[in-house]
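What follows is the content of work.pdb, which has PDB, C-alpha atoms (C1' of nucleotides) and all ligand atoms:
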MODEL        1
ATOM      1  CA  MET A   1     -34.832   0.580 -13.375
ATOM      2  CA  GLU A   2     -33.578  -2.097 -11.011
ATOM      3  CA  THR A   3     -34.080  -1.658  -7.284
ATOM      4  CA  ILE A   4     -31.223  -2.206  -4.874
ATOM      5  CA  GLU A   5     -32.904  -5.361  -3.601
ATOM      6  CA  GLN A   6     -32.999  -6.722  -7.095
ATOM      7  CA  VAL A   7     -29.338  -5.981  -7.643
ATOM      8  CA  LEU A   8     -28.333  -7.785  -4.462
ATOM      9  CA  GLU A   9     -30.615 -10.709  -5.147
ATOM     10  CA  SER A  10     -29.307 -11.086  -8.657
ATOM     11  CA  LYS A  11     -25.835 -11.439  -7.180
ATOM     12  CA  ASN A  12     -27.044 -14.104  -4.789
ATOM     13  CA  ILE A  13     -26.342 -12.370  -1.534
ATOM     14  CA  ARG A  14     -28.742 -11.714   1.266
ATOM     15  CA  VAL A  15     -30.506  -8.407   1.327
ATOM     16  CA  THR A  16     -29.756  -6.640   4.589
ATOM     17  CA  ALA A  17     -30.283  -3.099   5.787
ATOM     18  CA  MET A  18     -26.570  -2.440   5.957
ATOM     19  CA  ARG A  19     -25.931  -3.711   2.460
ATOM     20  CA  MET A  20     -28.677  -1.636   0.970
ATOM     21  CA  LEU A  21     -27.416   1.482   2.676
ATOM     22  CA  ILE A  22     -23.849   0.934   1.547
ATOM     23  CA  TYR A  23     -24.934   0.148  -1.975
ATOM     24  CA  LYS A  24     -26.988   3.333  -2.054
ATOM     25  CA  PHE A  25     -24.032   5.284  -0.743
ATOM     26  CA  LEU A  26     -21.831   3.944  -3.522
ATOM     27  CA  VAL A  27     -24.375   4.805  -6.172
ATOM     28  CA  GLU A  28     -24.641   8.362  -4.952
ATOM     29  CA  LYS A  29     -20.919   8.912  -4.733
ATOM     30  CA  GLU A  30     -19.557   9.310  -8.188
ATOM     31  CA  VAL A  31     -15.995   8.728  -7.119
ATOM     32  CA  ALA A  32     -14.150   5.753  -5.722
ATOM     33  CA  VAL A  33     -14.363   5.491  -1.939
ATOM     34  CA  THR A  34     -12.127   4.199   0.801
ATOM     35  CA  LEU A  35     -13.237   2.129   3.740
ATOM     36  CA  SER A  36     -12.817   5.230   5.891
ATOM     37  CA  ASP A  37     -15.164   7.143   3.656
ATOM     38  CA  ILE A  38     -17.819   4.539   4.262
ATOM     39  CA  GLU A  39     -16.973   4.508   7.942
ATOM     40  CA  ASN A  40     -17.502   8.233   8.180
ATOM     41  CA  ALA A  41     -20.791   7.978   6.401
ATOM     42  CA  PHE A  42     -22.060   5.280   8.758
ATOM     43  CA  GLU A  43     -20.681   6.106  12.144
ATOM     44  CA  LYS A  44     -23.176   3.953  13.945
ATOM     45  CA  ALA A  45     -22.105   0.833  12.112
ATOM     46  CA  ASP A  46     -19.084  -1.216  12.988
ATOM     47  CA  ARG A  47     -15.943  -0.984  10.890
ATOM     48  CA  THR A  48     -15.758  -4.738  10.516
ATOM     49  CA  THR A  49     -19.216  -4.963   9.084
ATOM     50  CA  LEU A  50     -18.456  -2.280   6.549
ATOM     51  CA  TYR A  51     -15.199  -4.005   5.749
ATOM     52  CA  ARG A  52     -16.823  -7.364   5.223
ATOM     53  CA  THR A  53     -19.684  -5.874   3.294
ATOM     54  CA  ILE A  54     -17.355  -4.287   0.797
ATOM     55  CA  LYS A  55     -15.382  -7.531   0.578
ATOM     56  CA  THR A  56     -18.563  -9.403  -0.182
ATOM     57  CA  PHE A  57     -19.484  -6.829  -2.800
ATOM     58  CA  GLU A  58     -16.061  -7.326  -4.289
ATOM     59  CA  GLU A  59     -16.341 -11.103  -4.432
ATOM     60  CA  LYS A  60     -19.735 -10.845  -6.038
ATOM     61  CA  ASP A  61     -18.506  -8.315  -8.569
ATOM     62  CA  ILE A  62     -20.670  -5.537  -7.322
ATOM     63  CA  VAL A  63     -17.666  -3.320  -6.759
ATOM     64  CA  HIS A  64     -14.092  -3.456  -7.929
ATOM     65  CA  GLN A  65     -10.994  -2.512  -6.066
ATOM     66  CA  ILE A  66      -8.811   0.346  -7.216
ATOM     67  CA  ASP A  67      -5.206   0.838  -6.319
ATOM     68  CA  ASP A  68      -4.541   4.418  -7.258
ATOM     69  CA  GLY A  69      -1.127   4.588  -5.663
ATOM     70  CA  THR A  70      -2.197   6.522  -2.589
ATOM     71  CA  GLY A  71      -1.635   3.409  -0.532
ATOM     72  CA  ILE A  72      -5.258   3.159   0.475
ATOM     73  CA  THR A  73      -7.503   0.825  -1.432
ATOM     74  CA  LYS A  74     -10.549   2.340  -2.979
ATOM     75  CA  TYR A  75     -13.717   0.798  -4.286
ATOM     76  CA  ALA A  76     -16.193   1.718  -6.961
ATOM     77  CA  LEU A  77     -19.328   0.145  -8.345
ATOM     78  CA  CYS A  78     -18.857  -2.022 -11.366
ATOM     79  CA  GLU A  79     -20.720  -0.883 -14.376
ATOM     80  CA  LYS A  80     -23.768  -2.857 -15.389
ATOM     81  CA  GLY A  81     -22.652  -5.690 -17.535
ATOM     82  CA  CYS A  82     -19.021  -5.343 -16.614
ATOM     83  CA  ASN A  83     -17.487  -8.740 -16.428
ATOM     84  CA  CYS A  84     -14.921  -8.617 -13.727
ATOM     85  CA  GLU A  85     -15.291 -12.377 -13.473
ATOM     86  CA  ILE A  86     -13.698 -12.909 -16.819
ATOM     87  CA  GLU A  87     -11.066 -10.265 -16.896
ATOM     88  CA  THR A  88     -10.281  -7.464 -14.530
ATOM     89  CA  ASP A  89     -11.233  -3.986 -15.135
ATOM     90  CA  LEU A  90     -10.455  -2.982 -18.611
ATOM     91  CA  HIS A  91     -11.050   0.689 -18.059
ATOM     92  CA  LEU A  92      -8.539   3.122 -16.693
ATOM     93  CA  HIS A  93      -8.632   5.113 -13.487
ATOM     94  CA  PHE A  94      -7.836   8.733 -12.952
ATOM     95  CA  HIS A  95      -6.468  10.117  -9.724
ATOM     96  CA  CYS A  96      -6.572  13.868  -9.183
ATOM     97  CA  ASN A  97      -3.481  15.230  -7.499
ATOM     98  CA  ASN A  98      -5.450  18.267  -6.438
ATOM     99  CA  CYS A  99      -8.703  17.042  -4.875
ATOM    100  CA  ASN A 100      -7.253  13.597  -4.255
ATOM    101  CA  GLU A 101     -10.252  11.850  -5.712
ATOM    102  CA  THR A 102     -10.193   8.857  -7.971
ATOM    103  CA  ILE A 103     -12.704   8.074 -10.653
ATOM    104  CA  CYS A 104     -13.381   5.310 -13.130
ATOM    105  CA  LEU A 105     -13.062   6.320 -16.735
ATOM    106  CA  THR A 106     -15.261   3.507 -17.864
ATOM    107  CA  ASP A 107     -15.339   4.658 -21.447
ATOM    108  CA  HIS A 108     -11.577   4.648 -21.681
ATOM    109  CA  LYS A 109     -10.455   1.120 -22.190
ATOM    110  CA  ILE A 110      -6.876   0.124 -21.599
ATOM    111  CA  PRO A 111      -4.964  -0.306 -24.849
ATOM    112  CA  GLN A 112      -3.267  -3.556 -25.714
ATOM    113  CA  ILE A 113       0.133  -3.613 -23.997
ATOM    114  CA  LYS A 114       3.007  -5.505 -25.557
ATOM    115  CA  VAL A 115       5.216  -7.564 -23.299
ATOM    116  CA  PRO A 116       8.497  -9.287 -24.183
ATOM    117  CA  ASP A 117       8.662 -12.869 -25.433
ATOM    118  CA  GLY A 118       8.138 -15.392 -22.691
ATOM    119  CA  PHE A 119       5.916 -13.104 -20.690
ATOM    120  CA  VAL A 120       2.202 -13.715 -20.510
ATOM    121  CA  SER A 121      -0.054 -10.776 -19.782
ATOM    122  CA  GLU A 122      -3.102 -11.626 -17.720
ATOM    123  CA  ASN A 123      -4.296  -8.224 -16.703
ATOM    124  CA  VAL A 124      -3.297  -4.619 -16.568
ATOM    125  CA  ASN A 125      -3.616  -1.867 -14.006
ATOM    126  CA  LEU A 126      -3.487   1.609 -15.416
ATOM    127  CA  VAL A 127      -3.765   4.732 -13.309
ATOM    128  CA  VAL A 128      -3.377   8.183 -14.746
ATOM    129  CA  LYS A 129      -2.584  10.979 -12.328
ATOM    130  CA  GLY A 130      -3.112  14.642 -12.912
ATOM    131  CA  ILE A 131      -5.826  17.231 -12.569
ATOM    132  CA  CYS A 132      -9.453  16.286 -12.899
ATOM    133  CA  ASP A 133     -12.086  18.196 -14.839
ATOM    134  CA  LYS A 134     -13.526  19.812 -11.732
ATOM    135  CA  CYS A 135     -10.163  21.064 -10.552
ATOM    136  CA  SER A 136      -8.803  22.171 -13.911
ATOM    137  CA  GLY A 137     -11.860  24.264 -14.705
TER     138      GLY A 137
ATOM    139  CA  MET B   1      32.780   0.963 -15.592
ATOM    140  CA  GLU B   2      31.745   3.186 -12.709
ATOM    141  CA  THR B   3      32.437   2.056  -9.182
ATOM    142  CA  ILE B   4      29.739   2.249  -6.532
ATOM    143  CA  GLU B   5      31.627   5.055  -4.825
ATOM    144  CA  GLN B   6      31.595   7.023  -8.015
ATOM    145  CA  VAL B   7      27.873   6.512  -8.440
ATOM    146  CA  LEU B   8      27.133   7.725  -4.950
ATOM    147  CA  GLU B   9      29.502  10.649  -5.226
ATOM    148  CA  SER B  10      28.012  11.697  -8.523
ATOM    149  CA  LYS B  11      24.656  11.893  -6.765
ATOM    150  CA  ASN B  12      26.112  14.037  -4.005
ATOM    151  CA  ILE B  13      25.512  11.758  -1.094
ATOM    152  CA  ARG B  14      28.067  10.542   1.381
ATOM    153  CA  VAL B  15      29.680   7.218   0.733
ATOM    154  CA  THR B  16      29.025   4.936   3.669
ATOM    155  CA  ALA B  17      29.454   1.218   4.176
ATOM    156  CA  MET B  18      25.728   0.680   4.454
ATOM    157  CA  ARG B  19      24.945   2.579   1.300
ATOM    158  CA  MET B  20      27.503   0.717  -0.715
ATOM    159  CA  LEU B  21      26.210  -2.621   0.481
ATOM    160  CA  ILE B  22      22.624  -1.757  -0.306
ATOM    161  CA  TYR B  23      23.539  -0.402  -3.695
ATOM    162  CA  LYS B  24      25.454  -3.568  -4.469
ATOM    163  CA  PHE B  25      22.492  -5.628  -3.317
ATOM    164  CA  LEU B  26      20.210  -3.751  -5.675
ATOM    165  CA  VAL B  27      22.561  -4.220  -8.601
ATOM    166  CA  GLU B  28      22.755  -7.941  -8.035
ATOM    167  CA  LYS B  29      19.035  -8.383  -7.671
ATOM    168  CA  GLU B  30      17.471  -8.128 -11.057
ATOM    169  CA  VAL B  31      14.016  -7.630  -9.647
ATOM    170  CA  ALA B  32      12.350  -4.899  -7.644
ATOM    171  CA  VAL B  33      12.770  -5.313  -3.897
ATOM    172  CA  THR B  34      10.734  -4.466  -0.840
ATOM    173  CA  LEU B  35      12.090  -2.974   2.334
ATOM    174  CA  SER B  36      11.661  -6.395   3.931
ATOM    175  CA  ASP B  37      13.822  -7.954   1.256
ATOM    176  CA  ILE B  38      16.602  -5.575   2.156
ATOM    177  CA  GLU B  39      15.931  -6.164   5.818
ATOM    178  CA  ASN B  40      16.344  -9.900   5.375
ATOM    179  CA  ALA B  41      19.537  -9.427   3.446
ATOM    180  CA  PHE B  42      21.049  -7.246   6.153
ATOM    181  CA  GLU B  43      19.834  -8.596   9.435
ATOM    182  CA  LYS B  44      22.499  -6.862  11.411
ATOM    183  CA  ALA B  45      21.437  -3.441  10.229
ATOM    184  CA  ASP B  46      18.572  -1.506  11.678
ATOM    185  CA  ARG B  47      15.342  -1.241   9.770
ATOM    186  CA  THR B  48      15.292   2.510  10.080
ATOM    187  CA  THR B  49      18.674   2.852   8.470
ATOM    188  CA  LEU B  50      17.627   0.688   5.566
ATOM    189  CA  TYR B  51      14.413   2.626   5.294
ATOM    190  CA  ARG B  52      16.162   5.961   5.266
ATOM    191  CA  THR B  53      18.844   4.752   2.909
ATOM    192  CA  ILE B  54      16.310   3.704   0.327
ATOM    193  CA  LYS B  55      14.472   6.994   0.805
ATOM    194  CA  THR B  56      17.699   8.878   0.193
ATOM    195  CA  PHE B  57      18.338   6.792  -2.908
ATOM    196  CA  GLU B  58      14.860   7.650  -4.063
ATOM    197  CA  GLU B  59      15.320  11.375  -3.539
ATOM    198  CA  LYS B  60      18.582  11.300  -5.401
ATOM    199  CA  ASP B  61      17.100   9.322  -8.263
ATOM    200  CA  ILE B  62      19.204   6.282  -7.664
ATOM    201  CA  VAL B  63      16.132   4.118  -7.299
ATOM    202  CA  HIS B  64      12.501   4.560  -8.212
ATOM    203  CA  GLN B  65       9.472   3.384  -6.350
ATOM    204  CA  ILE B  66       7.109   0.834  -7.844
ATOM    205  CA  ASP B  67       3.542   0.263  -6.845
ATOM    206  CA  ASP B  68       2.708  -3.097  -8.319
ATOM    207  CA  GLY B  69      -0.602  -3.487  -6.564
ATOM    208  CA  THR B  70       0.569  -5.932  -3.925
ATOM    209  CA  GLY B  71       0.248  -3.177  -1.347
ATOM    210  CA  ILE B  72       3.931  -3.216  -0.529
ATOM    211  CA  THR B  73       6.137  -0.620  -2.149
ATOM    212  CA  LYS B  74       9.042  -1.932  -4.127
ATOM    213  CA  TYR B  75      12.183  -0.259  -5.345
ATOM    214  CA  ALA B  76      14.462  -0.772  -8.300
ATOM    215  CA  LEU B  77      17.560   0.945  -9.586
ATOM    216  CA  CYS B  78      16.991   3.647 -12.120
ATOM    217  CA  GLU B  79      18.619   3.015 -15.427
ATOM    218  CA  LYS B  80      21.664   5.061 -16.271
ATOM    219  CA  GLY B  81      20.508   8.260 -17.815
ATOM    220  CA  CYS B  82      16.927   7.821 -16.721
ATOM    221  CA  ASN B  83      15.490  11.145 -15.824
ATOM    222  CA  CYS B  84      13.120  10.601 -12.992
ATOM    223  CA  GLU B  85      13.673  14.239 -12.109
ATOM    224  CA  ILE B  86      11.872  15.402 -15.191
ATOM    225  CA  GLU B  87       9.088  12.908 -15.530
ATOM    226  CA  THR B  88       8.295   9.779 -13.674
ATOM    227  CA  ASP B  89       9.130   6.442 -14.951
ATOM    228  CA  LEU B  90       8.077   6.069 -18.481
ATOM    229  CA  HIS B  91       8.613   2.358 -18.641
ATOM    230  CA  LEU B  92       6.145  -0.259 -17.576
ATOM    231  CA  HIS B  93       6.407  -2.821 -14.810
ATOM    232  CA  PHE B  94       5.571  -6.464 -14.868
ATOM    233  CA  HIS B  95       4.362  -8.377 -11.852
ATOM    234  CA  CYS B  96       4.421 -12.169 -11.980
ATOM    235  CA  ASN B  97       1.399 -13.776 -10.392
ATOM    236  CA  ASN B  98       3.360 -16.965  -9.974
ATOM    237  CA  CYS B  99       6.712 -16.065  -8.422
ATOM    238  CA  ASN B 100       5.370 -12.769  -7.119
ATOM    239  CA  GLU B 101       8.318 -10.821  -8.457
ATOM    240  CA  THR B 102       8.191  -7.482 -10.144
ATOM    241  CA  ILE B 103      10.563  -6.276 -12.799
ATOM    242  CA  CYS B 104      11.159  -3.145 -14.792
ATOM    243  CA  LEU B 105      10.559  -3.470 -18.493
ATOM    244  CA  THR B 106      12.767  -0.537 -19.248
ATOM    245  CA  ASP B 107      12.562  -1.001 -22.990
ATOM    246  CA  HIS B 108       8.792  -0.911 -22.925
ATOM    247  CA  LYS B 109       7.707   2.651 -22.691
ATOM    248  CA  ILE B 110       4.203   3.568 -21.618
ATOM    249  CA  PRO B 111       2.060   4.558 -24.584
ATOM    250  CA  GLN B 112       0.292   7.899 -24.723
ATOM    251  CA  ILE B 113      -2.952   7.596 -22.795
ATOM    252  CA  LYS B 114      -5.925   9.669 -23.785
ATOM    253  CA  VAL B 115      -8.007  11.278 -21.070
ATOM    254  CA  PRO B 116     -11.366  13.060 -21.437
ATOM    255  CA  ASP B 117     -11.649  16.796 -22.030
ATOM    256  CA  GLY B 118     -10.948  18.824 -18.927
ATOM    257  CA  PHE B 119      -8.600  16.256 -17.476
ATOM    258  CA  VAL B 120      -4.877  16.891 -17.423
ATOM    259  CA  SER B 121      -2.555  13.908 -17.362
ATOM    260  CA  GLU B 122       0.611  14.418 -15.361
ATOM    261  CA  ASN B 123       1.901  10.904 -15.043
ATOM    262  CA  VAL B 124       0.918   7.322 -15.530
ATOM    263  CA  ASN B 125       1.395   4.126 -13.586
ATOM    264  CA  LEU B 126       1.123   1.004 -15.675
ATOM    265  CA  VAL B 127       1.549  -2.457 -14.241
ATOM    266  CA  VAL B 128       1.034  -5.586 -16.265
ATOM    267  CA  LYS B 129       0.328  -8.751 -14.321
ATOM    268  CA  GLY B 130       0.730 -12.256 -15.572
ATOM    269  CA  ILE B 131       3.405 -14.908 -15.853
ATOM    270  CA  CYS B 132       7.032 -13.944 -16.239
ATOM    271  CA  ASP B 133       9.511 -15.499 -18.641
ATOM    272  CA  LYS B 134      11.093 -17.662 -15.955
ATOM    273  CA  CYS B 135       7.771 -19.062 -14.793
ATOM    274  CA  SER B 136       6.195 -19.547 -18.208
ATOM    275  CA  GLY B 137       9.149 -21.512 -19.560
TER     276      GLY B 137
ATOM    277  C1'  DT C   1     -41.852 -22.211  14.341
ATOM    278  C1'  DA C   2     -37.556 -24.517  15.224
ATOM    279  C1'  DG C   3     -33.096 -25.160  13.329
ATOM    280  C1'  DT C   4     -29.343 -23.654  10.585
ATOM    281  C1'  DA C   5     -26.572 -20.607   7.991
ATOM    282  C1'  DA C   6     -25.153 -16.088   7.273
ATOM    283  C1'  DG C   7     -24.458 -11.311   9.024
ATOM    284  C1'  DT C   8     -22.961  -8.206  12.613
ATOM    285  C1'  DG C   9     -20.303  -6.150  16.655
ATOM    286  C1'  DC C  10     -16.469  -6.072  19.729
ATOM    287  C1'  DA C  11     -11.771  -6.846  20.776
ATOM    288  C1'  DA C  12      -7.522  -7.850  19.418
ATOM    289  C1'  DT C  13      -3.682  -8.634  16.128
ATOM    290  C1'  DG C  14      -0.265  -7.830  12.443
ATOM    291  C1'  DG C  15       2.349  -5.488   8.989
ATOM    292  C1'  DA C  16       4.211  -1.692   6.837
ATOM    293  C1'  DA C  17       5.445   3.108   7.142
ATOM    294  C1'  DG C  18       7.068   6.933   9.565
ATOM    295  C1'  DT C  19       9.241  10.049  13.541
ATOM    296  C1'  DG C  20      12.011  11.881  17.783
ATOM    297  C1'  DC C  21      16.020  11.658  19.987
ATOM    298  C1'  DA C  22      20.530  10.043  21.528
ATOM    299  C1'  DT C  23      24.800   8.223  19.685
ATOM    300  C1'  DT C  24      28.209   7.413  16.254
ATOM    301  C1'  DT C  25      30.577   8.374  12.124
ATOM    302  C1'  DG C  26      32.343  11.234   8.383
ATOM    303  C1'  DT C  27      33.881  15.879   6.650
ATOM    304  C1'  DT C  28      36.069  20.250   6.957
ATOM    305  C1'  DA C  29      38.566  23.974   8.843
ATOM    306  C1'  DT C  30      41.947  25.245  11.932
TER     307       DT C  30
ATOM    308  C1'  DA D   1      46.245  15.938  14.024
ATOM    309  C1'  DT D   2      42.352  17.715  16.295
ATOM    310  C1'  DA D   3      38.303  20.247  17.234
ATOM    311  C1'  DA D   4      33.767  21.457  15.557
ATOM    312  C1'  DC D   5      29.978  20.578  12.851
ATOM    313  C1'  DA D   6      26.830  17.997   9.951
ATOM    314  C1'  DA D   7      25.111  13.886   8.449
ATOM    315  C1'  DA D   8      24.174   8.905   9.261
ATOM    316  C1'  DT D   9      22.787   5.297  12.243
ATOM    317  C1'  DG D  10      20.270   2.689  16.012
ATOM    318  C1'  DC D  11      16.579   2.254  19.282
ATOM    319  C1'  DA D  12      12.039   2.984  20.862
ATOM    320  C1'  DC D  13       7.774   4.300  19.901
ATOM    321  C1'  DT D  14       3.688   5.608  17.076
ATOM    322  C1'  DT D  15       0.145   5.608  13.540
ATOM    323  C1'  DC D  16      -2.659   3.804  10.062
ATOM    324  C1'  DC D  17      -4.894   0.422   7.475
ATOM    325  C1'  DA D  18      -6.094  -4.317   6.927
ATOM    326  C1'  DT D  19      -7.587  -8.592   8.837
ATOM    327  C1'  DT D  20      -9.259 -12.314  12.163
ATOM    328  C1'  DG D  21     -11.591 -14.987  16.180
ATOM    329  C1'  DC D  22     -15.430 -15.400  18.669
ATOM    330  C1'  DA D  23     -19.885 -14.342  20.643
ATOM    331  C1'  DC D  24     -24.326 -12.697  19.465
ATOM    332  C1'  DT D  25     -28.121 -11.515  16.314
ATOM    333  C1'  DT D  26     -30.704 -11.715  12.187
ATOM    334  C1'  DA D  27     -32.514 -13.866   8.057
ATOM    335  C1'  DC D  28     -33.778 -17.952   5.383
ATOM    336  C1'  DT D  29     -35.998 -22.715   4.849
ATOM    337  C1'  DA D  30     -37.687 -27.148   6.066
TER     338       DA D  30
HETATM  339 MN    MN A 201     -13.100   1.457 -12.121
HETATM  340 MN    MN A 202      11.062   0.494 -13.096
HETATM  341 ZN    ZN A 203      -9.691  17.057  -8.695
HETATM  342 ZN    ZN A 204       7.504 -15.452 -12.227
ENDMDL
END
Entire entry expressed as structure tokens:
Amino acid sequence: METIEQVLESKNIRVTAMRMLIYKFLVEKEVAVTLSDIENAFEKADRTTLYRTIKTFEEKDIVHQIDDGTGITKYALCEKGCNCEIETDLHLHFHCNNCNETICLTDHKIPQIKVPDGFVSENVNLVVKGICDKCSG
Amino acid sequence: METIEQVLESKNIRVTAMRMLIYKFLVEKEVAVTLSDIENAFEKADRTTLYRTIKTFEEKDIVHQIDDGTGITKYALCEKGCNCEIETDLHLHFHCNNCNETICLTDHKIPQIKVPDGFVSENVNLVVKGICDKCSG
DNA sequence: TAGTAAGTGCAATGGAAGTGCATTTGTTAT
DNA sequence: ATAACAAATGCACTTCCATTGCACTTACTA
């Protein structure tokens, strides 16, 4: 089991208190989070710091951004061994219309999508909306 | 061939100068447009009017909204006989990373997406990003 | 341990979306 | 045709999220 320090170090970013806390927060949350979510969890910290921390995490492929159509960008930890660097996010995302939460369905890869002649597909964003398992129960 | 008046009347909204102009603008554009695009095309008109016009068009299923991941909502005319009322937008959208334009691929329907047990899929947003036919030529 | 680079906090900005209210325009009934 | 009503438009203002500049603090490294 890798420690948080080890994760950060392996991504070549400095280990700071703030970063460790935010990383831990993301691990514990099982759903994608907004910047406001993080803000609410760390009221003593400055918004800008949280913002830049998550941006750094994004650049270093620690988290990936999710646009679930709510208009607010969400973030979730990349899975171990995910290679965002090479191609973006192959898995699909599910947004619950009831509880308003968004989760990564990392096991559900996006199928090959055909595009017309002349078009070149570089990546695909796929968001399914509906009712999540917790809400449909 | 239906006139613009006839289109608007068939959707039960009042025919006004502004609405006809915006409708015409949308027909001529072959790509999805932002509110700013419309704003730039009609500098004499007030933003609010344009905003509310497009919202009315959306409600009446004259246009549909597209979230292509750029963070700015775009709009495009619904195809004749498209039934947005029943289910949202079955076709996929293509966003060009080069010219930054987004188009409807109305012939390319979104495939059935499997979700895990307990999840209920209500609708799907699928955006393919890459290079469009004009830019790849 | 001094010097440098990176991280953090505060203040301010910008863009897009949305709303309240007064005015104008279109529709309908007399 | 005109009055009465409803819908459309214009203006001003607000809110929310994202983003930046700059000063200060903390962490690395020579
Ligand atoms: Mn994900
Ligand atoms: Mn479309
Ligand atoms: Zn739910
Ligand atoms: Zn293009």
For the file shown, report as a CSV table (one decimal) with C-alpha atoms (C1' of nucleotides), keeping the file's coordinate frame the outcome of the PyMOL selection byres ((chain D) within 10 of (chain B)) at residue level.
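Saved result, part_28.csv, follows:
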chain,number,residue,atom,x,y,z
D,7,DA,C1',25.1,13.9,8.4
D,8,DA,C1',24.2,8.9,9.3
D,9,DT,C1',22.8,5.3,12.2
D,10,DG,C1',20.3,2.7,16.0
D,11,DC,C1',16.6,2.3,19.3
Residues near segment 24-29 of chain D, cut-off 10 Å, all atoms listed in the file, skip fewer than 6 positions along chain, as a PyMOL selection string: (chain A and resi 14-16) or (chain C and resi 3-9)
Between chain A and ligand MN 201 (chain A), at 7 Å or less, what are the per-residue closest atom pairs and their distances in Å? Count only C-alpha atoms and all ligand atoms, order by chain and rising residue number, and return it as a tab-separated table.
residue	atom	partner	partner_atom	distance
A:His64	CA	A:MN201	MN	6.5
A:Ile66	CA	A:MN201	MN	6.6
A:Ala76	CA	A:MN201	MN	6.0
A:Cys78	CA	A:MN201	MN	6.8
A:Asp89	CA	A:MN201	MN	6.5
A:His91	CA	A:MN201	MN	6.3
A:Leu92	CA	A:MN201	MN	6.7
A:His93	CA	A:MN201	MN	5.9
A:Ile103	CA	A:MN201	MN	6.8
A:Cys104	CA	A:MN201	MN	4.0
A:Leu105	CA	A:MN201	MN	6.7
A:Thr106	CA	A:MN201	MN	6.5
Using the selection just defined, write its residues with C-alpha atoms as a compact mmCIF listing (two decimals), in the coordinates of the input.
# COMPACT_ATOMS: atom_id res chain seq x y z
CA HIS A 64 -14.09 -3.46 -7.93
CA ILE A 66 -8.81 0.35 -7.22
CA ALA A 76 -16.19 1.72 -6.96
CA CYS A 78 -18.86 -2.02 -11.37
CA ASP A 89 -11.23 -3.99 -15.14
CA HIS A 91 -11.05 0.69 -18.06
CA LEU A 92 -8.54 3.12 -16.69
CA HIS A 93 -8.63 5.11 -13.49
CA ILE A 103 -12.70 8.07 -10.65
CA CYS A 104 -13.38 5.31 -13.13
CA LEU A 105 -13.06 6.32 -16.74
CA THR A 106 -15.26 3.51 -17.86
The PyMOL selection byres ((chain A and not hetatm) within 6 of (chain B)) - which residues does that actually catch in the file I just gave you? List them as a count of residues only. 16
Using only C-alpha atoms (C1' of nucleotides), which chain C residues lie at most 12 Å away from chain B, written as a ChimeraX atom specification? /C:15-19,25-27
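This file gives the following result for the PyMOL selection byres (((chain B and resi 7) around 12) and not hetatm): Met1, Glu2, Thr3, Ile4, Glu5, Gln6, Leu8, Glu9, Ser10, Lys11, Asn12, Ile13, Arg14, Val15, Arg19, Met20, Tyr23, Lys24, Val27, Phe57, Lys60, Asp61, Ile62, Leu77, Cys78 and Lys80 of chain B.
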With 5 Å on each side, where is the centre of the axis-aligned box around all listed atoms of segment 10-14 of chain B, and how long are its edges in Å to one decimal, as AutoDock Vina command-line options?
--center_x 26.4 --center_y 12.3 --center_z -3.6 --size_x 13.4 --size_y 13.5 --size_z 19.9
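Counting from atom ZN of ligand ZN 203 (chain A), the distance to atom CA of Glu39 of chain A is 22.1 Å.
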Could you add whatever atoms are missing so that segment 1-8 of chain B carries N, CA, C and O atoms, then write the result as an mmCIF file, in the frame of the given file?
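To be explicit, this is the file written out as out-v5.cif:
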data_model
loop_
_atom_site.group_PDB
_atom_site.id
_atom_site.type_symbol
_atom_site.label_atom_id
_atom_site.label_comp_id
_atom_site.auth_asym_id
_atom_site.auth_seq_id
_atom_site.Cartn_x
_atom_site.Cartn_y
_atom_site.Cartn_z
ATOM 1 N N MET B 1 33.693 1.445 -16.639
ATOM 2 C CA MET B 1 32.780 0.963 -15.592
ATOM 3 C C MET B 1 32.912 1.804 -14.323
ATOM 4 O O MET B 1 33.984 1.922 -13.752
ATOM 5 N N GLU B 2 31.771 2.350 -13.896
ATOM 6 C CA GLU B 2 31.745 3.186 -12.709
ATOM 7 C C GLU B 2 31.741 2.342 -11.434
ATOM 8 O O GLU B 2 31.036 1.348 -11.364
ATOM 9 N N THR B 3 32.497 2.754 -10.469
ATOM 10 C CA THR B 3 32.437 2.056 -9.182
ATOM 11 C C THR B 3 31.230 2.573 -8.405
ATOM 12 O O THR B 3 30.670 3.613 -8.739
ATOM 13 N N ILE B 4 30.875 1.826 -7.347
ATOM 14 C CA ILE B 4 29.739 2.249 -6.532
ATOM 15 C C ILE B 4 30.024 3.602 -5.894
ATOM 16 O O ILE B 4 29.159 4.475 -5.852
ATOM 17 N N GLU B 5 31.232 3.767 -5.409
ATOM 18 C CA GLU B 5 31.627 5.055 -4.825
ATOM 19 C C GLU B 5 31.354 6.193 -5.794
ATOM 20 O O GLU B 5 30.806 7.231 -5.420
ATOM 21 N N GLN B 6 31.771 5.972 -7.015
ATOM 22 C CA GLN B 6 31.595 7.023 -8.015
ATOM 23 C C GLN B 6 30.118 7.333 -8.254
ATOM 24 O O GLN B 6 29.748 8.492 -8.415
ATOM 25 N N VAL B 7 29.315 6.293 -8.261
ATOM 26 C CA VAL B 7 27.873 6.512 -8.440
ATOM 27 C C VAL B 7 27.334 7.382 -7.320
ATOM 28 O O VAL B 7 26.689 8.404 -7.552
ATOM 29 N N LEU B 8 27.652 6.994 -6.100
ATOM 30 C CA LEU B 8 27.133 7.725 -4.950
ATOM 31 C C LEU B 8 27.647 9.164 -4.932
ATOM 32 O O LEU B 8 26.889 10.108 -4.702
#
